[in-house]
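Undergrad: Below are the structure tokens for one structure; questions will follow.
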Amino acid sequence: MGSGLKSGRRRISIFGSTGSVGRQTVEALNRLGGHESFEIVALTGGRNVERLARQARVLRPQLVVTAFDECREDLEALLAGCPVTVASGSTALVEAADRKVDWAMSAIIGFAGLYPNLQLLRQGCTLALANKESLVAAGKLVTATASKSGSTLLPVDSEHSAIFQLLLNQPRNTIETITLTASGGPFKDASPEELARVTPEQAARHPTWNMGTRISIDSATLFNKALEIIEAHELFGIPAGDLRVVVHPQSVIHAIVGFVDGQMLAHLSTTDMRGAIEYALHWPERLGPGLERLDLAALGALEFEAPDEDRFPALRLAREVLDLGGLAGAAFNGAKEAALDAFLADEIGFTCMSHAVEATVNSLAGNSELGGDPLDPAAIHAVDSLARVRLGEQVAASG
Ligand code: NDP
């Protein structure tokens, strides 16, 4: 399917339009002419109904959904007089995903993005996928649903967009390794004692990328990179043993593909999510003006170092999860999301998050639920819920 920019108005929905990726997608559409260039089908958000209503007044979608029923009344009041349908709740999100579109952005944060994603993929659209959690928890189901309907999955995570671009026209049997880069986060050189005292406010300040709070904290623990290892495995079918992570503090190189002849290709750009968002929006074309250009001479040097898996055990955990197979990804993601909730609520410390997630995954490793069918949404949901309960028990026991 072409980008459709020149061939009439593409039908577009944005799930999670009020978040960091969602806002940048809305801005990209507005720069390209908004409702005059595109037919906006649905916008969805969560609690930020003021922003959602502002976006709706400009982009004029058919449908606006807040994920939370308690926010619906406010959203309706804010959109009074607008010719738009307002809905709320998780069922309404899935119904919104059932409305026919050519292209959709999946930028809901967390496991909550899975069900709208599956519905979008069933209808056979092009799905720009920022929501990595659905791939970690349900990678086999997501990719099988896309294959069945002929949907195109375009990764929006910057590293995975980079890999997607690097792999174009490269036969799979020539790929030896894929290396994801990590900035190392704000505490790259912190001692274990300093790490133990990190607050949510400190953890949310990412050194190179401007992102939402939850993904920024996940970057500080390297959980984000751990999710990305699993995401790369699910998206590109690369075995866990061929996936590498290197710390690269400048965040200029996003991914590197190594080939069987020892040569490597790298993807470089400024740290700006608009690159991956607009690549997915225009794909298979590449349109300008795009990003601010990199000044390599001004940069001077690019540095690389091995990640410290003792201080940041999340990467080791990701490999263990891939080795476990089955529904271990759903357990890992559910436990990780619950650990982050507990950290944000000041119930556990920064370093306790990885210990609690590891203990939760280990406690579930022999559990029959983990051997459930990875193509069964109910089995995935059950493991996600169980992992959250077990994580809560770990937190209670540690307090
Ligand atoms: P944000 O937290 O900034 O935004 C998340 C969006 O999801 C908001 O629209 C939010 O609504 C909505 N939302 C929150 N909870 C729910 C729920 N339970 N059900 C439905 N919608 C909900 O996240 P980001 O934009 O940072 O990240 C979105 C996804 O993209 C994540 O999976 C992340 O890992 C991935 N990603 C993000 C990058 C970035 O630069 N931010 C980079 C690469 C990947 P509201 O705000 O109105 O409450």
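Identifiers for the structure tokens are assigned positionally: chains receive A, B, ... in sequence, residues are indexed from 1 per chain, and ligands are indexed from 1 in the order shown.
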Step by step, measure atom-to-atom distances between ligand 1 and each residue using only C-alpha atoms and all ligand atoms, keep those at most 7 Å, then write them as a tab-separated table (two decimals) with N, CA and C atoms, in the first residue's frame.

TA:
```tsv
chain	number	residue	atom	x	y	z
A	15	PHE	N	-4.44	6.38	18.10
A	15	PHE	CA	-4.74	5.84	19.43
A	15	PHE	C	-3.66	6.33	20.39
A	16	GLY	N	-4.09	7.03	21.45
A	16	GLY	CA	-3.13	7.64	22.37
A	16	GLY	C	-2.66	8.99	21.84
A	17	SER	N	-3.60	9.75	21.25
A	17	SER	CA	-3.20	11.00	20.58
A	17	SER	C	-2.73	12.08	21.56
A	18	THR	N	-3.08	11.94	22.84
A	18	THR	CA	-2.71	12.98	23.81
A	18	THR	C	-1.33	12.76	24.42
A	19	GLY	N	-0.70	11.63	24.13
A	19	GLY	CA	0.62	11.35	24.72
A	19	GLY	C	1.76	11.94	23.89
A	20	SER	N	2.96	11.58	24.27
A	20	SER	CA	4.15	12.14	23.62
A	20	SER	C	4.20	11.77	22.13
A	21	VAL	N	4.07	10.51	21.80
A	21	VAL	CA	4.09	10.09	20.39
A	21	VAL	C	2.83	10.55	19.69
A	22	GLY	N	1.69	10.43	20.37
A	22	GLY	CA	0.41	10.83	19.78
A	22	GLY	C	0.42	12.30	19.39
A	44	THR	N	-8.05	8.93	20.16
A	44	THR	CA	-8.33	8.43	21.51
A	44	THR	C	-7.27	8.93	22.48
A	45	GLY	N	-7.72	9.14	23.71
A	45	GLY	CA	-6.80	9.57	24.78
A	45	GLY	C	-7.21	8.92	26.09
A	46	GLY	N	-6.65	9.45	27.15
A	46	GLY	CA	-6.97	8.92	28.48
A	46	GLY	C	-7.59	10.01	29.33
A	47	ARG	N	-6.78	10.52	30.29
A	47	ARG	CA	-7.32	11.50	31.25
A	47	ARG	C	-7.18	12.94	30.78
A	48	ASN	N	-6.34	13.17	29.80
A	48	ASN	CA	-6.10	14.56	29.37
A	48	ASN	C	-7.17	14.98	28.34
A	49	VAL	N	-8.40	15.17	28.86
A	49	VAL	CA	-9.52	15.42	27.94
A	49	VAL	C	-9.45	16.83	27.34
A	52	LEU	N	-7.32	16.37	24.34
A	52	LEU	CA	-8.04	15.55	23.36
A	52	LEU	C	-9.10	16.41	22.66
A	67	ALA	N	-10.31	6.69	27.29
A	67	ALA	CA	-10.26	5.31	27.79
A	67	ALA	C	-11.00	5.15	29.11
A	90	SER	N	-12.85	0.87	27.60
A	90	SER	CA	-11.99	0.00	26.80
A	90	SER	C	-12.74	-0.64	25.63
A	107	ALA	N	-0.31	4.50	19.77
A	107	ALA	CA	0.57	5.19	20.74
A	107	ALA	C	-0.03	5.22	22.14
A	108	ILE	N	-0.90	4.23	22.42
A	108	ILE	CA	-1.36	4.04	23.80
A	108	ILE	C	-0.18	3.46	24.57
A	109	ILE	N	-0.05	3.83	25.84
A	109	ILE	CA	1.05	3.26	26.62
A	109	ILE	C	0.57	1.99	27.32
A	110	GLY	N	1.41	0.96	27.27
A	110	GLY	CA	1.17	-0.24	28.07
A	110	GLY	C	0.30	-1.29	27.41
A	112	ALA	N	-2.67	-1.93	27.71
A	112	ALA	CA	-3.99	-1.46	27.27
A	112	ALA	C	-4.03	-1.24	25.75
A	113	GLY	N	-2.87	-1.12	25.12
A	113	GLY	CA	-2.83	-0.92	23.68
A	113	GLY	C	-3.08	-2.20	22.89
A	130	ALA	N	3.91	2.20	17.88
A	130	ALA	CA	4.81	2.70	18.94
A	130	ALA	C	4.64	1.85	20.19
A	131	ASN	N	3.42	1.34	20.39
A	131	ASN	CA	3.08	0.57	21.60
A	131	ASN	C	3.84	-0.76	21.64
A	132	LYS	N	5.05	-0.72	22.23
A	132	LYS	CA	5.91	-1.92	22.21
A	132	LYS	C	5.40	-3.00	23.17
A	133	GLU	N	4.63	-2.57	24.21
A	133	GLU	CA	4.19	-3.54	25.22
A	133	GLU	C	3.34	-4.65	24.61
A	156	VAL	N	7.58	2.11	15.12
A	156	VAL	CA	7.80	3.54	15.35
A	156	VAL	C	8.86	3.76	16.43
A	157	ASP	N	9.11	2.75	17.25
A	157	ASP	CA	10.22	2.86	18.19
A	157	ASP	C	11.45	3.20	17.34
A	158	SER	N	12.25	4.18	17.77
A	158	SER	CA	13.29	4.69	16.87
A	158	SER	C	14.28	3.59	16.45
A	209	TRP	N	16.60	11.92	24.96
A	209	TRP	CA	15.30	11.88	24.28
A	209	TRP	C	14.26	12.60	25.13
A	210	ASN	N	13.30	13.25	24.45
A	210	ASN	CA	12.18	13.89	25.13
A	210	ASN	C	10.96	12.99	24.96
A	211	MET	N	10.59	12.25	26.04
A	211	MET	CA	9.54	11.22	25.89
A	211	MET	C	8.56	11.32	27.05
A	212	GLY	N	7.55	10.45	27.05
A	212	GLY	CA	6.61	10.38	28.16
A	212	GLY	C	7.30	9.90	29.44
A	213	THR	N	6.63	10.15	30.58
A	213	THR	CA	7.24	9.84	31.89
A	213	THR	C	7.55	8.35	32.04
A	214	ARG	N	6.61	7.49	31.67
A	214	ARG	CA	6.81	6.06	31.95
A	214	ARG	C	7.97	5.49	31.12
A	215	ILE	N	8.02	5.83	29.85
A	215	ILE	CA	9.11	5.29	29.02
A	215	ILE	C	10.45	5.91	29.45
A	273	MET	N	11.80	11.94	17.67
A	273	MET	CA	10.84	10.90	17.29
A	273	MET	C	10.09	11.21	15.99
```

Undergrad: For Glu176 in chain A, find every residue with an atom within 10 Å (counting only C-alpha atoms), except residues of its own chain fewer than 2 positions away, and show them as a list in words.

TA: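 The residues that qualify are Arg172, Asn173, Thr174, Ile178, Ile238, Pro239, Gly241, Asp242, Leu243, Val257, Gly258, Phe259, Val260, Asp261, Gly262, Gln263 and Met264 of chain A.
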
Undergrad: Write the residues you've just listed into a file as a compact mmCIF listing (two decimals), in the first residue's frame, and include all heavy atoms for each of them.

TA:
```txt
# COMPACT_ATOMS: atom_id res chain seq x y z
N ARG A 172 17.38 -12.37 4.65
CA ARG A 172 17.43 -12.69 6.08
C ARG A 172 18.64 -13.57 6.43
O ARG A 172 19.23 -13.44 7.49
CB ARG A 172 16.12 -13.40 6.45
CG ARG A 172 15.53 -13.12 7.82
CD ARG A 172 15.84 -11.76 8.36
NE ARG A 172 15.08 -10.67 7.81
CZ ARG A 172 13.94 -10.21 8.30
NH1 ARG A 172 13.42 -10.77 9.34
NH2 ARG A 172 13.35 -9.18 7.76
N ASN A 173 19.03 -14.46 5.50
CA ASN A 173 20.13 -15.38 5.82
C ASN A 173 21.50 -14.70 5.75
O ASN A 173 22.53 -15.33 5.98
CB ASN A 173 20.09 -16.63 4.93
CG ASN A 173 20.25 -16.28 3.45
OD1 ASN A 173 20.40 -15.10 3.10
ND2 ASN A 173 20.22 -17.29 2.60
N THR A 174 21.52 -13.40 5.45
CA THR A 174 22.81 -12.68 5.46
C THR A 174 23.00 -11.89 6.77
O THR A 174 24.03 -11.30 6.99
CB THR A 174 22.90 -11.68 4.29
OG1 THR A 174 21.88 -10.68 4.45
CG2 THR A 174 22.75 -12.37 2.95
N ILE A 178 21.98 -8.05 15.29
CA ILE A 178 21.36 -6.72 15.32
C ILE A 178 21.74 -6.09 16.65
O ILE A 178 21.59 -6.72 17.70
CB ILE A 178 19.84 -6.80 15.15
CG1 ILE A 178 19.54 -7.18 13.69
CG2 ILE A 178 19.17 -5.48 15.51
CD1 ILE A 178 18.12 -7.07 13.27
N ILE A 238 14.55 -12.29 14.78
CA ILE A 238 15.98 -12.47 15.04
C ILE A 238 16.14 -13.25 16.35
O ILE A 238 15.57 -12.86 17.38
CB ILE A 238 16.70 -11.10 15.18
CG1 ILE A 238 16.45 -10.24 13.93
CG2 ILE A 238 18.19 -11.26 15.45
CD1 ILE A 238 17.05 -10.74 12.64
N PRO A 239 16.91 -14.36 16.36
CA PRO A 239 17.07 -15.13 17.60
C PRO A 239 17.69 -14.28 18.71
O PRO A 239 18.49 -13.38 18.43
CB PRO A 239 18.02 -16.27 17.19
CG PRO A 239 17.99 -16.32 15.70
CD PRO A 239 17.65 -14.94 15.23
N GLY A 241 19.97 -14.78 20.77
CA GLY A 241 21.44 -14.79 20.84
C GLY A 241 22.10 -13.86 19.83
O GLY A 241 23.28 -13.52 19.97
N ASP A 242 21.36 -13.43 18.82
CA ASP A 242 21.93 -12.54 17.79
C ASP A 242 21.58 -11.08 18.04
O ASP A 242 21.90 -10.21 17.23
CB ASP A 242 21.43 -12.94 16.40
CG ASP A 242 21.88 -14.35 16.03
OD1 ASP A 242 22.85 -14.84 16.64
OD2 ASP A 242 21.25 -14.96 15.14
N LEU A 243 20.88 -10.82 19.15
CA LEU A 243 20.50 -9.43 19.48
C LEU A 243 21.46 -8.88 20.52
O LEU A 243 21.68 -9.51 21.56
CB LEU A 243 19.06 -9.40 20.02
CG LEU A 243 17.97 -9.66 18.98
CD1 LEU A 243 16.64 -9.98 19.66
CD2 LEU A 243 17.82 -8.46 18.07
N VAL A 257 23.17 -3.21 11.98
CA VAL A 257 22.98 -4.59 11.51
C VAL A 257 24.33 -5.14 11.08
O VAL A 257 25.07 -4.49 10.32
CB VAL A 257 21.97 -4.64 10.34
CG1 VAL A 257 21.88 -6.06 9.78
CG2 VAL A 257 20.59 -4.19 10.80
N GLY A 258 24.67 -6.32 11.61
CA GLY A 258 25.92 -6.99 11.23
C GLY A 258 25.61 -8.13 10.27
O GLY A 258 24.65 -8.88 10.47
N PHE A 259 26.41 -8.25 9.21
CA PHE A 259 26.15 -9.25 8.17
C PHE A 259 27.17 -10.40 8.26
O PHE A 259 28.22 -10.26 8.90
CB PHE A 259 26.20 -8.59 6.79
CG PHE A 259 25.09 -7.59 6.60
CD1 PHE A 259 25.28 -6.25 6.93
CD2 PHE A 259 23.84 -7.99 6.15
CE1 PHE A 259 24.26 -5.33 6.79
CE2 PHE A 259 22.82 -7.08 6.01
CZ PHE A 259 23.02 -5.74 6.33
N VAL A 260 26.86 -11.49 7.56
CA VAL A 260 27.69 -12.69 7.65
C VAL A 260 29.11 -12.47 7.10
O VAL A 260 30.02 -13.23 7.40
CB VAL A 260 27.05 -13.90 6.91
CG1 VAL A 260 25.85 -14.42 7.66
CG2 VAL A 260 26.67 -13.53 5.48
N ASP A 261 29.31 -11.41 6.32
CA ASP A 261 30.66 -11.15 5.79
C ASP A 261 31.43 -10.18 6.69
O ASP A 261 32.50 -9.69 6.32
CB ASP A 261 30.57 -10.58 4.36
CG ASP A 261 29.80 -9.27 4.30
OD1 ASP A 261 29.30 -8.83 5.36
OD2 ASP A 261 29.69 -8.69 3.20
N GLY A 262 30.88 -9.91 7.88
CA GLY A 262 31.60 -9.05 8.84
C GLY A 262 31.36 -7.56 8.64
O GLY A 262 31.84 -6.75 9.43
N GLN A 263 30.59 -7.18 7.60
CA GLN A 263 30.32 -5.75 7.41
C GLN A 263 29.09 -5.33 8.24
O GLN A 263 28.25 -6.15 8.58
CB GLN A 263 30.07 -5.47 5.92
CG GLN A 263 31.24 -5.95 5.07
CD GLN A 263 31.29 -5.29 3.71
OE1 GLN A 263 31.24 -4.07 3.58
NE2 GLN A 263 31.39 -6.12 2.69
N MET A 264 29.06 -4.04 8.55
CA MET A 264 27.96 -3.54 9.38
C MET A 264 27.34 -2.30 8.74
O MET A 264 28.06 -1.50 8.14
CB MET A 264 28.48 -3.14 10.77
CG MET A 264 28.96 -4.31 11.60
SD MET A 264 29.74 -3.69 13.11
CE MET A 264 29.02 -4.79 14.29
```

Undergrad: Considering only C-alpha atoms, can you say which of A:Ala379, A:Ala280, A:Cys71, A:Ala342 comes closest to Leu154 in chain A?

TA: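 When distances to Leu154 in chain A are compared using only C-alpha atoms, the smallest one comes from A:Ala280.
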
Undergrad: I'd like the neighbourhood of range 391-397 of chain A as a list in words, where a residue qualifies if any of its atoms comes within 9 Å (using only C-alpha atoms), though same-chain residues fewer than 5 positions away should be ignored.

TA: Gly334, Ala335, Lys336, Ala338, Ala339, Ala342, Glu347, Ile348, Cys352, Ala356, Val357, Ala359, Thr360, Val361 and Leu386 of chain A

Undergrad: Those residues you just picked out, can you put them in a file as a compact mmCIF listing (two decimals), in the first residue's frame with all heavy atoms?

TA:
```
# COMPACT_ATOMS: atom_id res chain seq x y z
N GLY A 334 3.71 -7.47 32.30
CA GLY A 334 2.75 -7.16 33.37
C GLY A 334 3.47 -6.80 34.66
O GLY A 334 3.13 -5.82 35.34
N ALA A 335 4.50 -7.59 35.00
CA ALA A 335 5.26 -7.33 36.23
C ALA A 335 5.99 -6.00 36.13
O ALA A 335 6.04 -5.20 37.09
CB ALA A 335 6.25 -8.47 36.48
N LYS A 336 6.55 -5.71 34.96
CA LYS A 336 7.29 -4.45 34.76
C LYS A 336 6.36 -3.25 34.92
O LYS A 336 6.69 -2.26 35.57
CB LYS A 336 7.96 -4.49 33.39
CG LYS A 336 9.05 -3.52 33.13
CD LYS A 336 8.68 -2.16 32.66
CE LYS A 336 7.55 -2.00 31.71
NZ LYS A 336 7.02 -0.61 31.69
N ALA A 338 3.56 -3.13 36.59
CA ALA A 338 3.12 -3.02 37.99
C ALA A 338 4.26 -2.49 38.88
O ALA A 338 4.03 -1.73 39.82
CB ALA A 338 2.64 -4.38 38.49
N ALA A 339 5.50 -2.88 38.56
CA ALA A 339 6.65 -2.38 39.34
C ALA A 339 6.80 -0.88 39.15
O ALA A 339 7.10 -0.13 40.10
CB ALA A 339 7.92 -3.11 38.90
N ALA A 342 4.27 0.87 41.18
CA ALA A 342 4.67 0.87 42.60
C ALA A 342 5.77 1.90 42.87
O ALA A 342 5.77 2.58 43.90
CB ALA A 342 5.13 -0.53 43.01
N GLU A 347 6.13 3.17 46.57
CA GLU A 347 6.02 1.94 47.36
C GLU A 347 7.29 1.10 47.30
O GLU A 347 7.54 0.29 48.20
CB GLU A 347 4.83 1.10 46.84
CG GLU A 347 3.48 1.75 47.13
CD GLU A 347 2.34 1.10 46.36
OE1 GLU A 347 2.57 0.07 45.69
OE2 GLU A 347 1.24 1.65 46.42
N ILE A 348 8.06 1.26 46.24
CA ILE A 348 9.36 0.57 46.15
C ILE A 348 10.40 1.53 45.58
O ILE A 348 10.05 2.52 44.92
CB ILE A 348 9.33 -0.72 45.27
CG1 ILE A 348 8.75 -0.44 43.88
CG2 ILE A 348 8.60 -1.83 45.96
CD1 ILE A 348 8.89 -1.64 42.93
N CYS A 352 14.72 -1.64 43.35
CA CYS A 352 13.82 -2.76 43.72
C CYS A 352 12.96 -3.19 42.54
O CYS A 352 12.47 -4.32 42.51
CB CYS A 352 12.90 -2.36 44.86
SG CYS A 352 13.80 -2.02 46.35
N ALA A 356 12.03 -7.03 41.91
CA ALA A 356 10.64 -7.48 42.05
C ALA A 356 10.16 -8.15 40.75
O ALA A 356 9.46 -9.16 40.78
CB ALA A 356 9.74 -6.31 42.42
N VAL A 357 10.56 -7.58 39.60
CA VAL A 357 10.14 -8.17 38.32
C VAL A 357 10.79 -9.55 38.15
O VAL A 357 10.13 -10.53 37.77
CB VAL A 357 10.51 -7.25 37.13
CG1 VAL A 357 10.25 -7.94 35.80
CG2 VAL A 357 9.72 -5.94 37.21
N ALA A 359 11.87 -11.58 40.50
CA ALA A 359 11.26 -12.54 41.45
C ALA A 359 9.89 -12.98 40.94
O ALA A 359 9.52 -14.16 41.05
CB ALA A 359 11.14 -11.89 42.83
N THR A 360 9.15 -12.04 40.35
CA THR A 360 7.80 -12.38 39.85
C THR A 360 7.91 -13.37 38.68
O THR A 360 7.21 -14.39 38.65
CB THR A 360 7.07 -11.10 39.40
OG1 THR A 360 6.93 -10.25 40.53
CG2 THR A 360 5.71 -11.41 38.82
N VAL A 361 8.79 -13.07 37.72
CA VAL A 361 8.92 -13.96 36.55
C VAL A 361 9.41 -15.33 37.01
O VAL A 361 8.88 -16.37 36.57
CB VAL A 361 9.86 -13.34 35.48
CG1 VAL A 361 10.12 -14.33 34.34
CG2 VAL A 361 9.26 -12.05 34.92
N LEU A 386 -2.08 -12.14 36.39
CA LEU A 386 -1.40 -12.92 37.45
C LEU A 386 -0.07 -12.26 37.82
O LEU A 386 0.28 -12.15 39.00
CB LEU A 386 -1.17 -14.35 36.94
CG LEU A 386 -0.59 -15.36 37.90
CD1 LEU A 386 -1.49 -15.53 39.11
CD2 LEU A 386 -0.43 -16.72 37.18
```

Undergrad: Fewer than 5 positions away in the same chain doesn't count, so skip those; otherwise give me all residues within 10 Å of range 193-202 of chain A, counting only C-alpha atoms, as a PyMOL selection string.

TA: chain A and resi 186-188+213-214+216-217+220-221+311-312+340+343-346+348-352

Undergrad: Convert the current residue selection to file output with C-alpha atoms, as an mmCIF file, in the first residue's frame.

TA:
```
data_model
loop_
_atom_site.group_PDB
_atom_site.id
_atom_site.type_symbol
_atom_site.label_atom_id
_atom_site.label_comp_id
_atom_site.auth_asym_id
_atom_site.auth_seq_id
_atom_site.Cartn_x
_atom_site.Cartn_y
_atom_site.Cartn_z
ATOM 1 C CA PRO A 186 20.596 9.470 33.435
ATOM 2 C CA PHE A 187 22.301 7.093 35.903
ATOM 3 C CA LYS A 188 24.755 5.384 33.578
ATOM 4 C CA THR A 213 7.235 9.836 31.894
ATOM 5 C CA ARG A 214 6.809 6.059 31.946
ATOM 6 C CA SER A 216 11.694 7.749 30.398
ATOM 7 C CA ILE A 217 11.783 5.885 33.735
ATOM 8 C CA ALA A 220 16.648 4.851 33.275
ATOM 9 C CA THR A 221 16.307 1.244 34.530
ATOM 10 C CA ARG A 311 23.643 -2.512 38.090
ATOM 11 C CA PHE A 312 20.980 -2.765 35.350
ATOM 12 C CA LEU A 340 6.681 1.020 37.645
ATOM 13 C CA PHE A 343 7.776 3.040 42.078
ATOM 14 C CA LEU A 344 5.636 6.022 40.981
ATOM 15 C CA ALA A 345 3.511 5.516 44.118
ATOM 16 C CA ASP A 346 6.687 5.519 46.278
ATOM 17 C CA ILE A 348 9.360 0.571 46.152
ATOM 18 C CA GLY A 349 12.757 2.037 45.325
ATOM 19 C CA PHE A 350 14.386 2.427 41.917
ATOM 20 C CA THR A 351 16.582 -0.676 42.115
ATOM 21 C CA CYS A 352 13.818 -2.760 43.716
#
```

Undergrad: Name the closest residue to Ile229 in chain A among the candidates A:Ala42, A:Val245, A:Leu32, A:Ile163; distances are taken between atoms, counting only C-alpha atoms.

TA: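 Closest candidate: A:Val245.
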
Undergrad: Extract, using only C-alpha atoms, all DNA, RNA and protein residues at most 12 Å from Ala306 in chain A, discarding same-chain residues fewer than 2 positions from it, and format them as JSON, numbers by chain.

TA: {"A": [179, 180, 181, 182, 183, 184, 188, 244, 245, 246, 247, 248, 249, 303, 304, 308, 309, 310, 312, 315]}

Undergrad: At a cut-off of 12 Å, using only C-alpha atoms, what residues contact Leu79 in chain A? Leave out same-chain residues fewer than 5 positions from it and give the result as number ranges by chain.

TA: A: 49-58, 60-61, 63-65, 72-74, 84-87

Undergrad: Can you write just those residues out, C-alpha atoms, as a compact mmCIF listing (two decimals), in the first residue's frame?

TA:
```
# COMPACT_ATOMS: atom_id res chain seq x y z
CA VAL A 49 -9.52 15.42 27.94
CA GLU A 50 -8.66 19.12 27.45
CA ARG A 51 -5.89 18.20 25.03
CA LEU A 52 -8.04 15.55 23.36
CA ALA A 53 -10.84 18.08 22.83
CA ARG A 54 -8.39 20.67 21.44
CA GLN A 55 -7.01 18.10 19.00
CA ALA A 56 -10.54 17.11 17.97
CA ARG A 57 -11.57 20.71 17.27
CA VAL A 58 -8.61 21.07 14.90
CA ARG A 60 -12.33 17.11 13.13
CA PRO A 61 -12.45 13.31 13.64
CA LEU A 63 -15.13 9.78 16.82
CA VAL A 64 -13.30 10.76 20.02
CA VAL A 65 -12.76 8.23 22.80
CA ARG A 72 -16.50 11.11 29.44
CA GLU A 73 -18.75 13.82 30.86
CA ASP A 74 -15.93 16.37 30.83
CA VAL A 84 -18.28 14.43 16.68
CA THR A 85 -19.29 11.25 18.48
CA VAL A 86 -17.87 10.94 22.00
CA ALA A 87 -17.38 7.55 23.65
```
